[in-house]
file start.txt (compact mmCIF, C-alpha atoms)
# COMPACT_ATOMS: atom_id res chain seq x y z
CA PRO A 1135 0.10 -2.08 -0.49
CA ALA A 1136 -3.66 -1.84 0.17
CA ALA A 1137 -3.23 -2.83 3.81
CA LEU A 1138 -0.42 -0.32 4.27
CA LEU A 1139 -2.46 2.48 2.70
CA ALA A 1140 -5.41 1.57 4.95
CA ARG A 1141 -3.10 1.85 7.96
CA LEU A 1142 -1.88 5.26 6.76
CA HIS A 1143 -5.51 6.39 6.53
CA GLU A 1144 -6.10 5.16 10.10
CA ILE A 1145 -3.15 7.24 11.29
CA GLU A 1146 -4.50 10.30 9.47
CA ALA A 1147 -7.89 9.80 11.13
CA SER A 1148 -6.25 9.52 14.56
CA PHE A 1149 -4.86 13.02 13.94
CA GLY A 1150 -8.31 14.35 13.09
CA ARG A 1151 -8.30 14.10 9.32
CA VAL A 1152 -11.74 13.87 7.79
CA ARG A 1153 -11.98 12.92 4.13
CA ALA A 1154 -14.85 15.23 3.20
CA ALA A 1155 -13.74 16.29 -0.29
CA ARG A 1156 -10.88 15.43 -2.61
CA ASN A 1157 -7.86 17.73 -2.16
CA ALA A 1158 -9.52 19.59 0.73
CA ALA A 1159 -7.37 21.14 3.47
CA ARG A 1160 -6.17 18.49 5.88
CA THR A 1161 -4.45 18.17 9.22
CA LEU A 1162 -2.22 15.36 7.97
CA ASP A 1163 -1.65 13.79 4.57
CA LEU A 1164 0.14 10.45 4.33
CA ASP A 1165 0.57 8.96 0.88
CA LEU A 1166 1.93 5.66 -0.35
CA ILE A 1167 4.46 6.82 -2.95
CA ALA A 1168 6.03 3.54 -4.05
CA TYR A 1169 6.12 -0.02 -2.79
CA HIS A 1170 8.91 -2.50 -3.64
CA GLY A 1171 8.93 -1.52 -7.33
CA ILE A 1172 5.30 -2.60 -7.78
CA ALA A 1173 3.29 -0.85 -10.50
CA THR A 1174 -0.49 -0.97 -10.26
CA ALA A 1175 -3.26 0.97 -11.98
CA GLY A 1176 -5.21 1.59 -8.79
CA THR A 1177 -8.14 -0.71 -9.50
CA ASP A 1178 -9.89 -3.41 -7.46
CA GLY A 1179 -9.13 -1.67 -4.15
CA GLU A 1180 -5.40 -1.45 -4.79
CA PRO A 1181 -3.71 1.96 -4.65
CA ALA A 1182 -2.17 3.37 -7.82
CA LEU A 1183 1.57 2.73 -7.61
CA PRO A 1184 3.80 4.50 -7.95
CA HIS A 1185 1.83 7.55 -6.84
CA PRO A 1186 0.53 9.08 -10.11
CA ARG A 1187 1.79 12.61 -9.36
CA MET A 1188 5.01 11.85 -7.54
CA ALA A 1189 7.23 12.84 -10.48
CA GLU A 1190 5.70 16.35 -10.41
CA ARG A 1191 6.55 17.08 -6.78
CA ALA A 1192 9.91 18.17 -5.44
CA PHE A 1193 8.74 17.61 -1.87
CA VAL A 1194 8.37 13.91 -2.74
CA LEU A 1195 11.39 13.42 -5.00
CA ARG A 1196 14.08 15.20 -3.01
CA PRO A 1197 13.56 13.26 0.24
CA LEU A 1198 13.25 10.04 -1.76
CA GLN A 1199 16.60 10.80 -3.38
CA GLU A 1200 18.15 11.22 0.08
CA LEU A 1201 16.78 7.84 1.11
CA ASP A 1202 17.65 6.02 -2.10
CA PRO A 1203 19.86 7.93 -4.58
CA ASP A 1204 19.73 4.99 -7.02
CA TRP A 1205 15.90 4.75 -7.06
CA ARG A 1206 14.27 4.42 -10.48
CA HIS A 1207 10.65 5.02 -11.40
CA PRO A 1208 9.08 1.56 -11.75
CA LEU A 1209 7.11 2.47 -14.90
CA THR A 1210 9.57 4.60 -16.84
CA GLY A 1211 12.88 3.36 -15.46
CA GLU A 1212 14.04 6.98 -15.10
CA PRO A 1213 16.55 7.58 -12.33
CA ILE A 1214 15.43 9.89 -9.58
CA SER A 1215 18.12 12.40 -10.57
CA ALA A 1216 16.47 12.75 -14.01
CA LEU A 1217 13.03 13.19 -12.47
CA ILE A 1218 14.37 15.97 -10.25
CA ALA A 1219 16.15 17.62 -13.16
CA ALA A 1220 12.87 17.64 -15.12
CA LEU A 1221 10.92 19.45 -12.39
CA PRO A 1222 9.61 22.89 -13.35
CA PRO A 1223 11.45 25.82 -11.76
CA ASP A 1224 8.53 26.60 -9.43
CA GLN A 1225 8.93 23.22 -7.72
CA ARG A 1226 11.27 23.62 -4.76
CA ALA A 1227 11.96 21.62 -1.65
CA GLU A 1228 14.71 22.50 0.74
CA ALA A 1229 15.95 20.63 3.77
CA LEU A 1230 15.39 22.17 7.16
CA GLU A 1231 18.47 23.08 9.09
CA ASP A 1232 19.62 20.49 11.63
CA ASP A 1233 19.29 22.87 14.57
CA VAL A 1234 15.59 23.64 14.02
CA LYS A 1235 13.73 23.25 17.29

call {"tool": "encode", "arguments": {"input": "start.txt", "output": "structure tokens"}}
result
Amino acid sequence: PAALLARLHEIEASFGRVRAARNAARTLDLDLIAYHGIATAGTDGEPALPHPRMAERAFVLRPLQELDPDWRHPLTGEPISALIAALPPDQRAEALEDDVK
């Protein structure tokens, strides 16, 4: 996971991302959300897995559900459908139409 996250950061940098401040505006943001069911605390250079705020974000959960409808959170065991159902009403993510150009 650490090597993959490092590669994601390289890709971000190639698109002009500069990591000046945490949560600053950015040209591209690539996150490692989950990795083969591994759960880590994010110490000793390893990323925190699954991503600590993934369950709060519709824009993460809805696409993940499309990719793997049977996915379960590695720490809680909750199915992705339950995580989506627990999202607050202000969390929305809608698919783009297929004919968007």

call {"tool": "closest_residue", "arguments": {"input": "start.txt", "among": "A:Ile1214, A:Leu1138, A:Ala1159, A:Ala1219", "to": "Pro1181 (chain A)", "atoms": "all atoms listed in the file"}}
result
A:Leu1138

call {"tool": "residues_around", "arguments": {"input": "start.txt", "residues": "Arg1226 (chain A)", "least_positions_apart": "3", "cutoff": "10 Å", "atoms": "only C-alpha atoms", "output": "list in words"}}
result
Arg1191, Ala1192, Phe1193, Arg1196, Ile1218, Leu1221, Pro1222 and Pro1223 of chain A

call {"tool": "atom_distance", "arguments": {"input": "start.txt", "atom1": "CA of Leu1183 (chain A)", "atom2": "CA of Ala1137 (chain A)"}}
result
13.6 Å

call {"tool": "residues_around", "arguments": {"input": "start.txt", "residues": "His1207 (chain A)", "least_positions_apart": "2", "cutoff": "12 Å", "atoms": "all atoms listed in the file", "output": "PyMOL selection string"}}
result
chain A and resi 1167-1173+1183-1189+1195+1198-1199+1202-1205+1209-1218

call {"tool": "residues_around", "arguments": {"input": "start.txt", "residues": "Asp1163 (chain A)", "least_positions_apart": "6", "cutoff": "10 Å", "atoms": "only C-alpha atoms", "output": "list of chain:residue names"}}
result
A:Leu1142, A:His1143, A:Ile1145, A:Glu1146, A:Ala1147, A:Phe1149, A:Arg1151, A:Asn1157

call {"tool": "atom_distance", "arguments": {"input": "start.txt", "atom1": "CA of Ala1158 (chain A)", "atom2": "CA of Asp1178 (chain A)"}}
result
24.4 Å

call {"tool": "closest_residue", "arguments": {"input": "start.txt", "among": "A:Ala1175, A:Ala1182, A:Ala1140, A:Ala1229", "to": "Glu1200 (chain A)", "atoms": "all atoms listed in the file"}}
result
A:Ala1229
